[in-house]
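Shown next, in structure tokens, is the structure this report addresses.
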Protein chains: 2
Amino acid sequence: MAVTIYDIAKTAGTSHTTVSRALRGNAKISVEVRRNVQRIAAELGYRPDRTARMLKSGKTHSIGVLLPDFANPFHTEFLQAVQRLCQDRGYHLFPVDYRNDEKLERQALEHMLERRCDGCIASLMRFEPLRDLLQEFWDSRIPILVAGLPEDVGNTPVDGYREDFSVGIRQAIEHLVGLGHREIIFAGSWHEDAGVAGDRFEFLQAAYRDSGLTWSHDRIARHWTGDQLADGKASARIIFDKQPNTTAILGANDLFCVGLIRGLTDMGMSIPADVSLIGTDDTWTARYWPTPLTSISQDTESQATFAVETLLGRLESHQWQPSQCMTLNSELIIRESTAAPRTG
Amino acid sequence: MAVTIYDIAKTAGTSHTTVSRALRGNAKISVEVRRNVQRIAAELGYRPDRTARMLKSGKTHSIGVLLPDFANPFHTEFLQAVQRLCQDRGYHLFPVDYRNDEKLERQALEHMLERRCDGCIASLMRFEPLRDLLQEFWDSRIPILVAGLPEDVGNTPVDGYREDFSVGIRQAIEHLVGLGHREIIFAGSWHEDAGVAGDRFEFLQAAYRDSGLTWSHDRIARHWTGDQLADGKASARIIFDKQPNTTAILGANDLFCVGLIRGLTDMGMSIPADVSLIGTDDTWTARYWPTPLTSISQDTESQATFAVETLLGRLESHQWQPSQCMTLNSELIIRESTAAPRTG
DNA sequence: CTGAAAGCGCTAACAG
DNA sequence: CTGTTAGCGCTTTCAG
């Protein structure tokens, strides 16, 4: 059916090996033979079969990128950054959206193992139940880099990075307290026992205390169905039903915030007049929102750079010793969604 | 390195053929042998090598999905819809974001050919310069389905669908004229000679005339750099510099509208008090925006369904006769971004 | 029901 | 510089 190097070899009157070499230009081949082969290949409409190449060479030149939700601008911005970095290095991306579904998440990881991706970058919901697969990646010598790696990975050998939200959260709380807020809620949509969000609570707690606020678990409003927009919208009511005195909210991610704003608006509240809001991630939604969102910013570009460099570094140097984890800083960007609370 | 069926065969004391059969469950294999093989495979941590499977069987079980911009919710919503439909049918998606870059677009298409995708769904910038590749897909018996197929595909054999914007645009113009608008601009960010947008102009023109408005090319404001958000933002000023009497704008896509709103807001204009705005695509941004956008809605779900059904239909039935093109209707959804123009 | 043998399209020693 | 030979890991006839 499709034309192969054998077809080219036949019409060129040479061996398929020569064709293979001529087409890729590495080896020493006489100029005329090369040109002739290339001409014939073009005439015949030859396309190399990558699946064959992969099998033979054991390299797929592809990096799997596992993300929870392509609808979330944070993840697509990250993906685009990764893509820009990879394409110059000759790697193709194999992006997978597991849509906040743990079953799909696991399947996707297994799929990457079976597809023999050269490497993998993954933003996981929960680290814990995937330890076995992560170990398998390591054993198969497929470097995998995990975004939002929890503090305690135990003896599971993985690379990764983690946001240090302590700074950003502290700045956020101080900013709000400075404006006069006392009733601040941290709201978001995450899985009950997600590791990442857990980390933030300690920072939160510390930040609250250091700013002279009393801490209690009521300060956290979690609502999870897997749909960030809907969860955000629903949260508006939930928060004010339980804590009617709330004057400021920290939203766990920008997509959730979009939903939250919708919910608040529907309740007749406006931002920042009735309630102050701080987003997290600082995606285009935060920047372009009619009332631009004050946000705790993650540096997507740095994350992507670290991820790609670490991954390709491992790939190209075959270093399999220590696993790396980088900590990145977060920072508060003040815009217009925060203001002094309504008095009285 | 990795464990193969030969390794399993050896420890199971059988042939690799039997192992292959036992593992997939299709062929007739005695229950005990099958169980034994499966147990050993699990113990050894066997993972089938998909690249080998692909090469041997000639099927990759993957559908390439080529899209211009993952940052645009319209495209990711489509992608997620396609994914939902494909996963039940046993196909994996291979999504590629060509980031509005014609060079990357072409490369990606070639890559799918070389990766031997079973099929392909593509939303292209311009049809014209890709005719040769589209023909190649057809010749290679790789069904490809093009979103936003132009009216005139000549003799290039491709499947596709196209939005019929005439209805939506007519409704939009009538809606605006009904509210009292006379100075309506169609604004967007598209490549100079993109085929799709061209279609809309005729509808536009007809719709303008039928509503008793005078038509001229000044009614169209095109600004293209490839970044929808930035283009939208910049367009606000451009539009009012040229046409200060504008009272309503039709935005070519939702991401562009987000930018446009930003630009308008920066100029101190509010929606719909100072200017009415109608979006296109009706993504979550339109629905969740603080002032929910009146939108010309494309039915993403229908598009995805048609795309997947047509593609898999071809794949499974090996029908290579007539190429199909479906026309889908658009419809105006009225929300809060449109109102009567300021009098005087 | 099971095994032996062939080969998917390509790359990579190893000889010439 | 070029050709011969041998697989990569798997599926698939074709005989037992």
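Each chain in the structure tokens gets a letter, A, B, ..., in the order shown, and its residues are numbered from 1; ligands are numbered from 1 in order too.
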
Write out, as CSV, each residue of chain D that has an atom at most 8 Å from chain B, together with the closest pair of atoms and their distance in Å to one decimal, counting only C-alpha atoms (C1' of nucleotides), rows going by chain and rising number.
residue,atom,partner,partner_atom,distance
D:DC8,C1',B:Ala52,CA,7.9
D:DG9,C1',B:Ala52,CA,5.1
D:DC10,C1',B:Ala52,CA,5.2
D:DT11,C1',B:Lys56,CA,6.2

Writer output for current selection, all heavy atoms, as a PDB file, in the first residue's frame:
ATOM      1  P    DC D   8      15.340  -9.016  18.820  1.00  0.00           P
ATOM      2  OP1  DC D   8      16.248  -9.311  19.949  1.00  0.00           O
ATOM      3  OP2  DC D   8      14.244  -9.935  18.472  1.00  0.00           O
ATOM      4  O5'  DC D   8      14.655  -7.596  19.048  1.00  0.00           O
ATOM      5  C5'  DC D   8      15.388  -6.390  19.212  1.00  0.00           C
ATOM      6  C4'  DC D   8      14.406  -5.236  19.116  1.00  0.00           C
ATOM      7  O4'  DC D   8      14.273  -4.837  17.742  1.00  0.00           O
ATOM      8  C3'  DC D   8      13.012  -5.573  19.619  1.00  0.00           C
ATOM      9  O3'  DC D   8      12.843  -4.983  20.909  1.00  0.00           O
ATOM     10  C2'  DC D   8      12.064  -4.924  18.601  1.00  0.00           C
ATOM     11  C1'  DC D   8      12.941  -4.521  17.415  1.00  0.00           C
ATOM     12  N1   DC D   8      12.668  -5.196  16.118  1.00  0.00           N
ATOM     13  C2   DC D   8      12.493  -4.455  14.958  1.00  0.00           C
ATOM     14  O2   DC D   8      12.559  -3.225  15.020  1.00  0.00           O
ATOM     15  N3   DC D   8      12.267  -5.098  13.786  1.00  0.00           N
ATOM     16  C4   DC D   8      12.215  -6.435  13.757  1.00  0.00           C
ATOM     17  N4   DC D   8      11.997  -7.026  12.576  1.00  0.00           N
ATOM     18  C5   DC D   8      12.398  -7.216  14.934  1.00  0.00           C
ATOM     19  C6   DC D   8      12.616  -6.570  16.085  1.00  0.00           C
ATOM     20  P    DG D   9      12.444  -5.933  22.157  1.00  0.00           P
ATOM     21  OP1  DG D   9      12.607  -5.087  23.342  1.00  0.00           O
ATOM     22  OP2  DG D   9      13.129  -7.234  22.057  1.00  0.00           O
ATOM     23  O5'  DG D   9      10.893  -6.209  21.922  1.00  0.00           O
ATOM     24  C5'  DG D   9       9.953  -5.144  22.025  1.00  0.00           C
ATOM     25  C4'  DG D   9       8.640  -5.610  21.453  1.00  0.00           C
ATOM     26  O4'  DG D   9       8.820  -5.942  20.072  1.00  0.00           O
ATOM     27  C3'  DG D   9       8.058  -6.846  22.126  1.00  0.00           C
ATOM     28  O3'  DG D   9       6.765  -6.520  22.570  1.00  0.00           O
ATOM     29  C2'  DG D   9       8.076  -7.915  21.040  1.00  0.00           C
ATOM     30  C1'  DG D   9       8.056  -7.074  19.771  1.00  0.00           C
ATOM     31  N9   DG D   9       8.673  -7.695  18.610  1.00  0.00           N
ATOM     32  C8   DG D   9       9.770  -8.508  18.594  1.00  0.00           C
ATOM     33  N7   DG D   9      10.111  -8.902  17.390  1.00  0.00           N
ATOM     34  C5   DG D   9       9.179  -8.301  16.559  1.00  0.00           C
ATOM     35  C6   DG D   9       9.037  -8.356  15.152  1.00  0.00           C
ATOM     36  O6   DG D   9       9.735  -8.956  14.329  1.00  0.00           O
ATOM     37  N1   DG D   9       7.962  -7.586  14.719  1.00  0.00           N
ATOM     38  C2   DG D   9       7.124  -6.864  15.531  1.00  0.00           C
ATOM     39  N2   DG D   9       6.144  -6.190  14.940  1.00  0.00           N
ATOM     40  N3   DG D   9       7.239  -6.812  16.848  1.00  0.00           N
ATOM     41  C4   DG D   9       8.281  -7.546  17.290  1.00  0.00           C
ATOM     42  P    DC D  10       5.744  -7.575  23.153  1.00  0.00           P
ATOM     43  OP1  DC D  10       4.889  -6.886  24.112  1.00  0.00           O
ATOM     44  OP2  DC D  10       6.446  -8.809  23.537  1.00  0.00           O
ATOM     45  O5'  DC D  10       4.860  -7.869  21.870  1.00  0.00           O
ATOM     46  C5'  DC D  10       4.038  -6.825  21.360  1.00  0.00           C
ATOM     47  C4'  DC D  10       3.596  -7.157  19.960  1.00  0.00           C
ATOM     48  O4'  DC D  10       4.731  -7.605  19.212  1.00  0.00           O
ATOM     49  C3'  DC D  10       2.593  -8.287  19.857  1.00  0.00           C
ATOM     50  O3'  DC D  10       1.289  -7.710  19.774  1.00  0.00           O
ATOM     51  C2'  DC D  10       2.936  -8.990  18.564  1.00  0.00           C
ATOM     52  C1'  DC D  10       4.262  -8.384  18.136  1.00  0.00           C
ATOM     53  N1   DC D  10       5.298  -9.373  17.811  1.00  0.00           N
ATOM     54  C2   DC D  10       5.491  -9.725  16.479  1.00  0.00           C
ATOM     55  O2   DC D  10       4.762  -9.235  15.619  1.00  0.00           O
ATOM     56  N3   DC D  10       6.458 -10.619  16.160  1.00  0.00           N
ATOM     57  C4   DC D  10       7.230 -11.140  17.119  1.00  0.00           C
ATOM     58  N4   DC D  10       8.188 -12.002  16.761  1.00  0.00           N
ATOM     59  C5   DC D  10       7.045 -10.792  18.495  1.00  0.00           C
ATOM     60  C6   DC D  10       6.071  -9.923  18.795  1.00  0.00           C
ATOM     61  P    DT D  11       0.041  -8.659  19.870  1.00  0.00           P
ATOM     62  OP1  DT D  11      -1.112  -7.805  20.231  1.00  0.00           O
ATOM     63  OP2  DT D  11       0.381  -9.854  20.664  1.00  0.00           O
ATOM     64  O5'  DT D  11      -0.136  -9.090  18.343  1.00  0.00           O
ATOM     65  C5'  DT D  11      -0.517  -8.102  17.398  1.00  0.00           C
ATOM     66  C4'  DT D  11      -0.595  -8.719  16.028  1.00  0.00           C
ATOM     67  O4'  DT D  11       0.629  -9.434  15.710  1.00  0.00           O
ATOM     68  C3'  DT D  11      -1.734  -9.721  15.835  1.00  0.00           C
ATOM     69  O3'  DT D  11      -2.284  -9.431  14.561  1.00  0.00           O
ATOM     70  C2'  DT D  11      -1.031 -11.084  15.850  1.00  0.00           C
ATOM     71  C1'  DT D  11       0.317 -10.726  15.219  1.00  0.00           C
ATOM     72  N1   DT D  11       1.492 -11.566  15.561  1.00  0.00           N
ATOM     73  C2   DT D  11       2.252 -12.085  14.538  1.00  0.00           C
ATOM     74  O2   DT D  11       1.994 -11.913  13.362  1.00  0.00           O
ATOM     75  N3   DT D  11       3.339 -12.823  14.949  1.00  0.00           N
ATOM     76  C4   DT D  11       3.733 -13.070  16.239  1.00  0.00           C
ATOM     77  O4   DT D  11       4.743 -13.732  16.470  1.00  0.00           O
ATOM     78  C5   DT D  11       2.899 -12.508  17.268  1.00  0.00           C
ATOM     79  C7   DT D  11       3.233 -12.726  18.700  1.00  0.00           C
ATOM     80  C6   DT D  11       1.824 -11.790  16.889  1.00  0.00           C
TER      81       DT D  11
END

If you take only C-alpha atoms and a cut-off of 7 Å, which residues of chain B touch chain A, and what are their nearest atom pairs and distances in Å to one decimal, in chain and number order, as JSON lines?
{"residue": "B:Ala2", "atom": "CA", "partner": "A:Ser140", "partner_atom": "CA", "distance": 6.8}
{"residue": "B:Arg47", "atom": "CA", "partner": "A:Glu114", "partner_atom": "CA", "distance": 5.9}
{"residue": "B:Pro48", "atom": "CA", "partner": "A:Glu114", "partner_atom": "CA", "distance": 5.9}
{"residue": "B:Asp49", "atom": "CA", "partner": "A:Glu114", "partner_atom": "CA", "distance": 5.3}
{"residue": "B:Arg50", "atom": "CA", "partner": "A:Arg115", "partner_atom": "CA", "distance": 5.2}
{"residue": "B:Thr51", "atom": "CA", "partner": "A:Leu55", "partner_atom": "CA", "distance": 5.7}
{"residue": "B:Ala52", "atom": "CA", "partner": "A:Leu55", "partner_atom": "CA", "distance": 5.8}
{"residue": "B:Met54", "atom": "CA", "partner": "A:Thr51", "partner_atom": "CA", "distance": 6.6}
{"residue": "B:Leu55", "atom": "CA", "partner": "A:Thr51", "partner_atom": "CA", "distance": 5.7}
{"residue": "B:Phe70", "atom": "CA", "partner": "A:Thr76", "partner_atom": "CA", "distance": 6.1}
{"residue": "B:Ala71", "atom": "CA", "partner": "A:Thr76", "partner_atom": "CA", "distance": 5.9}
{"residue": "B:Pro73", "atom": "CA", "partner": "A:Ala71", "partner_atom": "CA", "distance": 6.2}
{"residue": "B:Thr76", "atom": "CA", "partner": "A:Ala71", "partner_atom": "CA", "distance": 5.8}
{"residue": "B:Glu77", "atom": "CA", "partner": "A:Ala71", "partner_atom": "CA", "distance": 6.7}
{"residue": "B:Phe94", "atom": "CA", "partner": "A:Phe94", "partner_atom": "CA", "distance": 6.3}
{"residue": "B:Pro95", "atom": "CA", "partner": "A:Pro95", "partner_atom": "CA", "distance": 6.3}
{"residue": "B:Glu114", "atom": "CA", "partner": "A:Asp49", "partner_atom": "CA", "distance": 5.3}
{"residue": "B:Arg115", "atom": "CA", "partner": "A:Arg50", "partner_atom": "CA", "distance": 5.2}
{"residue": "B:Ser140", "atom": "CA", "partner": "A:Ala2", "partner_atom": "CA", "distance": 6.8}
{"residue": "B:Val258", "atom": "CA", "partner": "A:Tyr288", "partner_atom": "CA", "distance": 6.7}
{"residue": "B:Gly259", "atom": "CA", "partner": "A:Tyr288", "partner_atom": "CA", "distance": 6.7}
{"residue": "B:Arg262", "atom": "CA", "partner": "A:Tyr288", "partner_atom": "CA", "distance": 5.9}
{"residue": "B:Thr265", "atom": "CA", "partner": "A:Pro290", "partner_atom": "CA", "distance": 6.9}
{"residue": "B:Tyr288", "atom": "CA", "partner": "A:Arg262", "partner_atom": "CA", "distance": 5.9}
{"residue": "B:Pro290", "atom": "CA", "partner": "A:Arg262", "partner_atom": "CA", "distance": 6.2}

Checklist entry - So which bits of stretch 107-283 of chain B end up alpha helix (DSSP H) when you DSSP the backbone, as a count of residues only? => result 76

Dump as a PDB file with N, CA and C atoms (P, O5', C5', C4', C3', O3' and C1' of nucleotides), in the first residue's frame the residues of chain C that approach chain B to within 7 Å, counting only C-alpha atoms (C1' of nucleotides).
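Produced file part27.pdb, reproduced below:
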ATOM      1  P    DC C   1     -11.026 -25.019  23.202  1.00  0.00           P
ATOM      2  O5'  DC C   1      -9.518 -25.237  22.882  1.00  0.00           O
ATOM      3  C5'  DC C   1      -8.524 -25.241  23.878  1.00  0.00           C
ATOM      4  C4'  DC C   1      -7.298 -25.794  23.252  1.00  0.00           C
ATOM      5  C3'  DC C   1      -6.089 -24.857  23.323  1.00  0.00           C
ATOM      6  O3'  DC C   1      -5.155 -25.430  24.220  1.00  0.00           O
ATOM      7  C1'  DC C   1      -6.248 -25.943  21.201  1.00  0.00           C
ATOM      8  P    DT C   2      -4.010 -24.579  24.826  1.00  0.00           P
ATOM      9  O5'  DT C   2      -2.884 -24.690  23.733  1.00  0.00           O
ATOM     10  C5'  DT C   2      -2.086 -25.879  23.678  1.00  0.00           C
ATOM     11  C4'  DT C   2      -1.181 -25.810  22.478  1.00  0.00           C
ATOM     12  C3'  DT C   2      -0.122 -24.725  22.515  1.00  0.00           C
ATOM     13  O3'  DT C   2       1.120 -25.365  22.721  1.00  0.00           O
ATOM     14  C1'  DT C   2      -1.055 -24.988  20.340  1.00  0.00           C
ATOM     15  P    DG C   3       2.425 -24.464  22.965  1.00  0.00           P
ATOM     16  O5'  DG C   3       3.108 -24.505  21.536  1.00  0.00           O
ATOM     17  C5'  DG C   3       3.475 -25.773  21.008  1.00  0.00           C
ATOM     18  C4'  DG C   3       4.016 -25.616  19.601  1.00  0.00           C
ATOM     19  C3'  DG C   3       5.160 -24.598  19.467  1.00  0.00           C
ATOM     20  O3'  DG C   3       6.176 -25.199  18.667  1.00  0.00           O
ATOM     21  C1'  DG C   3       3.431 -24.110  17.918  1.00  0.00           C
ATOM     22  P    DC C   8       6.691  -7.665   5.124  1.00  0.00           P
ATOM     23  O5'  DC C   8       5.902  -6.448   5.761  1.00  0.00           O
ATOM     24  C5'  DC C   8       4.551  -6.561   6.215  1.00  0.00           C
ATOM     25  C4'  DC C   8       4.343  -5.559   7.350  1.00  0.00           C
ATOM     26  C3'  DC C   8       5.260  -4.354   7.252  1.00  0.00           C
ATOM     27  O3'  DC C   8       4.516  -3.260   6.721  1.00  0.00           O
ATOM     28  C1'  DC C   8       5.269  -5.316   9.489  1.00  0.00           C
TER      29       DC C   8
END

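Take atom CA of A:Val167 and atom CA of A:Pro150: the distance between them is 17.1 Å.
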
Next on the checklist: With DSSP run on the backbone, what are the strand (DSSP E or B) residues within stretch 132-268 of chain A? I'd like them as a ChimeraX atom specification.
Outcome noted: /A:144-147,159-164,184-188,220-222,248-251

For C-alpha atoms, I'd like the residues from the last selection saved as a PDB file, in the first residue's frame.
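What landed in part_8.pdb:
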ATOM      1  CA  ILE A 144       8.518  11.145  34.694  1.00  0.00           C
ATOM      2  CA  LEU A 145       8.145  14.549  36.169  1.00  0.00           C
ATOM      3  CA  VAL A 146       5.304  15.278  38.522  1.00  0.00           C
ATOM      4  CA  ALA A 147       3.811  18.719  38.955  1.00  0.00           C
ATOM      5  CA  ASP A 159      11.295  14.013  39.823  1.00  0.00           C
ATOM      6  CA  GLY A 160       8.962  16.887  40.254  1.00  0.00           C
ATOM      7  CA  TYR A 161       8.384  20.379  41.345  1.00  0.00           C
ATOM      8  CA  ARG A 162       6.145  22.000  43.859  1.00  0.00           C
ATOM      9  CA  GLU A 163       4.822  25.433  44.378  1.00  0.00           C
ATOM     10  CA  ASP A 164       5.700  27.026  47.630  1.00  0.00           C
ATOM     11  CA  ILE A 184     -11.524  35.355  54.990  1.00  0.00           C
ATOM     12  CA  ILE A 185     -12.473  32.053  53.402  1.00  0.00           C
ATOM     13  CA  PHE A 186     -10.301  29.755  51.353  1.00  0.00           C
ATOM     14  CA  ALA A 187     -12.515  28.095  48.779  1.00  0.00           C
ATOM     15  CA  GLY A 188     -11.884  25.569  46.096  1.00  0.00           C
ATOM     16  CA  ILE A 220     -12.007  26.251  54.259  1.00  0.00           C
ATOM     17  CA  ALA A 221     -14.862  25.709  51.842  1.00  0.00           C
ATOM     18  CA  ARG A 222     -14.348  22.678  49.690  1.00  0.00           C
ATOM     19  CA  ALA A 248     -13.049  38.063  51.327  1.00  0.00           C
ATOM     20  CA  ILE A 249     -12.416  34.816  49.494  1.00  0.00           C
ATOM     21  CA  LEU A 250      -9.268  33.126  48.291  1.00  0.00           C
ATOM     22  CA  GLY A 251     -10.132  30.936  45.324  1.00  0.00           C
TER      23      GLY A 251
END
